[in-house]
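**Student:** Handing over input-v4.txt, compact mmCIF, C-alpha atoms.
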# COMPACT_ATOMS: atom_id res chain seq x y z
CA VAL A 1 39.67 28.84 70.67
CA ASN A 2 37.41 28.89 73.75
CA ASN A 3 33.90 30.20 73.38
CA ARG A 4 30.76 31.12 75.32
CA LEU A 5 28.34 29.79 72.76
CA PRO A 6 26.64 27.20 75.02
CA GLU A 7 26.13 29.88 77.66
CA LEU A 8 24.72 32.45 75.22
CA ARG A 9 22.56 29.81 73.59
CA ALA A 10 21.17 28.74 76.97
CA VAL A 11 20.18 32.33 77.78
CA ARG A 12 18.00 32.39 74.69
CA GLN A 13 16.80 28.85 75.33
CA TRP A 14 17.92 27.78 71.87
CA THR A 15 18.84 24.24 70.97
CA GLN A 16 21.91 23.53 68.86
CA ALA A 17 19.54 22.95 65.95
CA ASP A 18 17.97 26.40 66.49
CA LEU A 19 21.37 28.06 66.43
CA ALA A 20 22.38 26.08 63.34
CA ARG A 21 19.24 27.29 61.56
CA HIS A 22 19.93 30.92 62.48
CA LEU A 23 23.50 30.67 61.25
CA ASP A 24 22.68 28.56 58.17
CA VAL A 25 25.16 25.86 59.12
CA SER A 26 24.72 22.21 60.06
CA ARG A 27 24.01 21.15 63.65
CA GLN A 28 27.24 19.16 63.53
CA THR A 29 29.13 22.40 62.86
CA VAL A 30 27.54 24.08 65.88
CA ILE A 31 28.46 21.10 68.07
CA SER A 32 32.06 21.20 66.83
CA VAL A 33 32.36 24.96 67.36
CA GLU A 34 30.96 24.71 70.89
CA LYS A 35 33.40 21.94 71.75
CA GLY A 36 36.28 23.97 70.32
CA ARG A 37 37.13 21.35 67.71
CA TYR A 38 36.32 23.64 64.79
CA ASP A 39 37.32 27.29 64.58
CA PRO A 40 34.74 29.29 62.67
CA SER A 41 35.83 31.55 59.83
CA LEU A 42 35.85 35.31 60.38
CA PRO A 43 32.56 35.83 58.48
CA LEU A 44 30.88 33.12 60.58
CA ALA A 45 32.33 34.61 63.78
CA PHE A 46 30.93 38.01 62.79
CA LYS A 47 27.58 36.38 62.06
CA ILE A 48 27.56 34.74 65.49
CA ALA A 49 28.53 38.01 67.16
CA ALA A 50 25.78 39.90 65.33
CA LEU A 51 23.25 37.21 66.25
CA PHE A 52 24.03 37.54 69.95
CA ASP A 53 24.50 41.30 69.68
CA CYS A 54 28.02 41.42 71.10
CA ALA A 55 31.62 41.67 69.94
CA ILE A 56 33.55 38.68 68.62
CA GLU A 57 36.00 38.83 71.52
CA ASP A 58 33.08 38.64 73.96
CA ILE A 59 32.28 35.19 72.56
CA PHE A 60 35.62 33.78 71.44
CA GLN A 61 38.86 33.89 73.40
CA PRO A 62 42.23 32.34 72.52
CA ASN A 63 43.08 29.14 74.39
CA GLY A 64 44.39 29.80 77.89
CA SER A 65 42.93 33.29 78.29
CA ARG A 66 39.81 33.86 80.34
CA MET B 1 6.14 42.07 35.39
CA VAL B 2 8.11 40.22 32.73
CA LYS B 3 10.83 39.64 35.28
CA GLY B 4 8.28 38.23 37.72
CA ALA B 5 6.80 35.93 35.07
CA LEU B 6 10.25 34.70 34.12
CA ARG B 7 11.05 34.02 37.75
CA TRP B 8 7.79 32.07 38.13
CA VAL B 9 8.54 29.98 35.02
CA THR B 10 12.08 29.32 36.22
CA MET B 11 10.93 28.28 39.68
CA THR B 12 8.19 26.04 38.27
CA LEU B 13 10.62 24.38 35.88
CA ARG B 14 13.16 23.98 38.65
CA ARG B 15 10.60 22.27 40.83
CA ALA B 16 9.21 19.99 38.14
CA LEU B 17 12.36 19.18 36.21
CA PRO B 18 13.98 16.73 38.66
CA LEU B 19 10.82 14.65 38.88
CA VAL B 20 10.27 14.74 35.10
CA VAL B 21 13.88 13.72 34.43
CA LEU B 22 13.74 10.97 37.03
CA GLY B 23 10.43 9.59 35.70
CA GLY B 24 11.57 9.77 32.08
CA THR B 25 14.88 8.13 32.89
CA LEU B 26 13.26 5.24 34.72
CA ALA B 27 10.75 4.81 31.87
CA VAL B 28 13.57 4.63 29.31
CA LEU B 29 15.49 2.14 31.43
CA ALA B 30 12.42 -0.04 31.81
CA VAL B 31 12.68 -1.00 28.11
CA PRO B 32 15.94 -3.02 28.30
CA VAL B 33 14.69 -4.59 31.54
CA ILE B 34 11.58 -5.84 29.75
CA ILE B 35 12.91 -6.77 26.30
CA GLY B 36 16.70 -7.00 26.75
CA ASP B 37 18.91 -10.07 27.34
CA GLY B 38 20.50 -11.02 30.68
CA GLY B 39 23.35 -8.52 30.55
CA ALA B 40 21.14 -5.66 29.45
CA ARG B 41 18.63 -6.40 32.21
CA LEU B 42 21.32 -6.55 34.87
CA GLY B 43 22.96 -3.36 33.63
CA ALA B 44 19.66 -1.50 33.44
CA LEU B 45 18.60 -2.65 36.91
CA CYS B 46 21.93 -1.51 38.37
CA ALA B 47 21.60 1.82 36.58
CA VAL B 48 18.07 2.25 37.97
CA ALA B 49 19.36 1.55 41.49
CA GLY B 50 22.26 3.96 40.99
CA ILE B 51 20.03 6.69 39.65
CA LEU B 52 17.56 6.28 42.52
CA VAL B 53 20.32 6.54 45.12
CA ALA B 54 21.94 9.47 43.30
CA SER B 55 18.53 11.16 43.05
CA MET B 56 18.10 10.86 46.80
CA ALA B 57 21.36 12.70 47.28
CA VAL B 58 20.38 15.34 44.72
CA ALA B 59 16.97 15.74 46.35
CA ARG B 60 18.63 16.17 49.73
CA GLY B 61 20.83 18.94 48.33
CA ALA B 62 17.80 20.55 46.68
CA ARG B 63 15.86 20.47 49.92
CA VAL B 64 18.71 22.17 51.75
CA GLU B 65 18.92 24.91 49.14
CA HIS B 66 15.19 25.21 48.46
CA PRO B 67 13.14 24.32 51.55
CA GLU B 68 9.97 24.90 49.54
CA LEU B 69 10.60 21.69 47.60
CA ARG B 70 8.43 19.62 49.92
CA ALA B 71 7.59 17.22 47.08
CA LEU B 72 11.11 15.84 47.30
CA ASP B 73 11.02 15.27 51.07
CA ALA B 74 10.16 11.57 50.86
CA LEU B 75 12.94 10.99 48.35
CA ALA B 76 15.39 13.08 50.35
CA ALA B 77 14.60 11.24 53.57
CA GLY B 78 16.18 8.12 52.11
CA ALA B 79 19.51 9.79 51.52
CA ALA B 80 22.02 9.23 54.28
CA GLY B 81 24.26 12.26 53.82
CA THR B 82 27.11 12.41 51.41
CA GLY B 83 27.48 8.62 51.68
CA ALA B 84 24.56 8.41 49.27
CA VAL B 85 26.60 10.18 46.63
CA GLY B 86 29.37 7.64 47.02
CA LEU B 87 26.92 4.77 46.91
CA GLY B 88 25.18 6.25 43.87
CA THR B 89 28.53 6.66 42.17
CA ALA B 90 29.58 3.10 42.96
CA VAL B 91 26.32 1.57 41.74
CA THR B 92 26.21 3.70 38.61
CA MET B 93 29.77 2.80 37.72
CA SER B 94 28.93 -0.86 38.38
CA ALA B 95 26.12 -0.52 35.87
CA ILE B 96 28.50 0.78 33.23
CA VAL B 97 31.08 -1.93 33.94
CA LEU B 98 28.43 -4.65 33.92
CA TRP B 99 27.05 -3.33 30.67
CA THR B 100 30.52 -3.45 29.15
CA VAL B 101 31.63 -6.87 30.36
CA ALA B 102 28.35 -8.82 30.49
CA PRO B 103 28.23 -11.60 27.84
CA GLY B 104 26.38 -10.49 24.77
CA SER B 105 26.21 -6.87 25.78
CA GLY B 106 29.74 -5.63 25.07
CA PRO B 107 30.36 -2.53 23.03
CA ARG B 108 30.45 -4.41 19.70
CA GLU B 109 27.30 -6.39 20.29
CA ALA B 110 25.43 -3.46 21.77
CA ALA B 111 25.40 -1.51 18.54
CA GLY B 112 21.80 -0.43 19.08
CA TRP B 113 20.49 2.42 21.18
CA PRO B 114 20.30 0.81 24.66
CA GLY B 115 24.09 0.81 25.27
CA PRO B 116 24.84 4.45 24.49
CA ALA B 117 21.53 5.54 26.04
CA LEU B 118 22.29 3.68 29.27
CA ALA B 119 25.83 5.06 29.39
CA THR B 120 24.58 8.61 28.79
CA ILE B 121 21.92 8.37 31.49
CA ALA B 122 24.28 6.79 34.00
CA ALA B 123 26.95 9.42 33.26
CA ILE B 124 24.44 12.26 33.70
CA ALA B 125 23.24 10.75 37.00
CA LEU B 126 26.82 10.37 38.19
CA VAL B 127 27.94 13.87 37.26
CA ALA B 128 24.72 15.50 38.51
CA SER B 129 24.84 13.74 41.88
CA LEU B 130 28.49 14.62 42.44
CA ALA B 131 28.20 18.20 41.20
CA TRP B 132 24.99 19.00 43.05
CA GLY B 133 26.12 17.23 46.20
CA ALA B 134 29.44 19.06 46.19
CA ARG B 135 27.72 22.37 45.42
CA SER B 136 25.31 22.05 48.32
CA VAL B 137 28.18 21.22 50.68
CA MET B 138 30.40 24.02 49.38
CA ARG B 139 27.69 26.66 49.70
CA ARG B 140 27.37 26.27 53.44
CA GLU B 141 30.17 26.98 55.82
CA GLY B 142 31.02 24.28 58.31
CA ILE B 143 32.93 21.13 59.02
CA GLU B 144 31.40 19.39 55.99
CA ARG B 145 32.96 21.90 53.60
CA ASP B 146 36.30 21.75 55.39
CA ALA B 147 36.32 17.94 55.33
CA LEU B 148 35.39 17.90 51.63
CA LEU B 149 38.12 20.38 50.68
CA LYS B 150 40.80 18.61 52.71
CA ALA B 151 39.79 15.16 51.43
CA THR B 152 39.76 16.40 47.82
CA SER B 153 43.18 17.95 48.25
CA LEU B 154 44.61 14.79 49.83
CA ALA B 155 43.09 12.53 47.16
CA PHE B 156 44.51 14.73 44.41
CA PHE B 157 48.04 14.59 45.80
CA VAL B 158 47.92 10.86 46.55
CA THR B 159 46.67 10.12 43.02
CA VAL B 160 49.21 12.41 41.34
CA LEU B 161 52.13 11.12 43.42
CA LEU B 162 51.29 7.43 43.00
CA SER B 163 50.50 7.63 39.28
CA GLY B 164 53.53 9.84 38.69
CA GLY B 165 55.74 7.46 40.62
CA TYR B 166 54.43 4.45 38.75
CA ALA B 167 54.89 6.24 35.42
CA LEU B 168 58.63 6.32 36.08
CA PHE B 169 58.67 2.53 36.58
CA GLU B 170 56.57 2.10 33.44
CA VAL B 171 58.97 4.14 31.32
CA MET B 172 62.30 3.20 32.87
CA ALA B 173 61.73 -0.34 34.23
CA ASP B 174 59.26 -1.75 31.69
CA ALA B 175 56.53 -2.14 34.31
CA PRO B 176 53.19 -3.21 32.82
CA THR B 177 50.86 -0.44 31.65
CA ILE B 178 48.05 0.05 34.13
CA SER B 179 44.42 0.65 33.29
CA MET B 180 42.97 4.14 33.73
CA TRP B 181 40.64 2.64 36.33
CA VAL B 182 43.53 2.06 38.73
CA PRO B 183 44.32 5.75 39.38
CA TRP B 184 40.59 6.50 39.29
CA SER B 185 39.94 3.89 41.97
CA VAL B 186 42.91 5.03 44.06
CA GLY B 187 41.65 8.61 43.90
CA MET B 188 38.06 7.70 44.77
CA PHE B 189 39.00 5.38 47.64
CA THR B 190 41.44 7.94 49.04
CA TRP B 191 38.83 10.66 48.78
CA ALA B 192 36.08 8.58 50.37
CA GLY B 193 38.36 7.33 53.17
CA ALA B 194 39.81 10.78 53.88
CA ALA B 195 36.34 12.39 53.89
CA ALA B 196 35.04 9.76 56.34
CA VAL B 197 38.05 10.02 58.68
CA LEU B 198 38.22 13.82 58.60
CA GLY B 199 34.46 14.12 59.10
CA LYS B 200 34.64 11.89 62.19
CA ARG B 201 37.70 13.64 63.56
CA MET B 202 36.29 17.14 63.17
CA ALA B 203 32.83 16.28 64.50
Let's see the structure in the file written out as structure tokens.
**Tutor:**
Amino acid sequence: VNNRLPELRAVRQWTQADLARHLDVSRQTVISVEKGRYDPSLPLAFKIAALFDCAIEDIFQPNGSR
Amino acid sequence: MVKGALRWVTMTLRRALPLVVLGGTLAVLAVPVIIGDGGARLGALCAVAGILVASMAVARGARVEHPELRALDALAAGAAGTGAVGLGTAVTMSAIVLWTVAPGSGPREAAGWPGPALATIAAIALVASLAWGARSVMRREGIERDALLKATSLAFFVTVLLSGGYALFEVMADAPTISMWVPWSVGMFTWAGAAAVLGKRMA
């Protein structure tokens, strides 16, 4: 799953540690999600979407679709 | 008001209890170190080391769950992730084994209180470190929880398949009976190895 997390995080000038703290996950998890190595669960995806005030599909897209 | 008072008492106890238990445990273990024979001293020292390492892991979990526990920060800083739990487990188990096999401190000779007391303390440290460590990992979503679940699942199946397979040889081909520590060790090594590999791969 591709995602726009680094982009959205940069807009808010958050570090990966900041985002991890907001989401109550480890920094390692944020790194893995951003790199696309770890797909977040639906509750975590909703949490991320709510944090950035947008829809899940605005942040996450299936591989190959842009 | 009663509810508030109860909450205050619970929080105070929760904050103080780990330090009280740790201090009391170390004080109890100091006795065989001072007055015991060689085996008892070695066993007690290993148990102290195991409990300290396990406590670091527990403190780390506590700090994650309760950031207000600043008193445990110094202790928690020494814990290097879930590896501390494994190390604490290994050292604590070594203490029990040493206590059992050391000359003059076997189960028959150690009829007094130090043997059972040491075993009880080491077992509590072991179970607490594993349970609390696992609980703190399981409570937070992320790659750590996924790696733990997958490694646990893999270790379970490897242990069941190997011990089940060997049981057939034992019954049908008169293979020697193996100690209970063999499947335990296989399970632990598989779990530790799988957790390390999966953690690296997912990170």
**Student:** Counting all atoms listed in the file, collect the residues of chain B whose closest atom lies at most 9 Å from chain A, and write them out as a ChimeraX atom specification.
**Tutor:** /B:140-144,201-203
**Student:** Interatomic distance between CA of Thr159 in chain B and CA of Gly187 in chain B?
**Tutor:** 5.3 Å
**Student:** Could you jot down the CA of Ala134 in chain B to CA of Lys200 in chain B separation for me, Å, one decimal place?
**Tutor:**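 So the answer is 18.3 Å.
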**Student:** Identify, on the basis of only C-alpha atoms, every residue whose closest approach to Ala49 in chain A does not exceed 9 Å; exclude the query and any residue fewer than 6 positions from it along the same chain; express the result as number ranges by chain.
**Tutor:** A: 55-59
**Student:** Kindly indicate which residue among A:Leu8, A:Phe60, A:Thr15, A:Ala20 lies nearest to Phe46 in chain A, using all atoms listed in the file for the distances.
**Tutor:**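 So, comparing all the options, the nearest one is A:Phe60.
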**Student:** Go ahead and compute the interatomic distance for CA of Ala45 in chain A and CA of Arg139 in chain B, in Å to one decimal.
**Tutor:** 16.8 Å
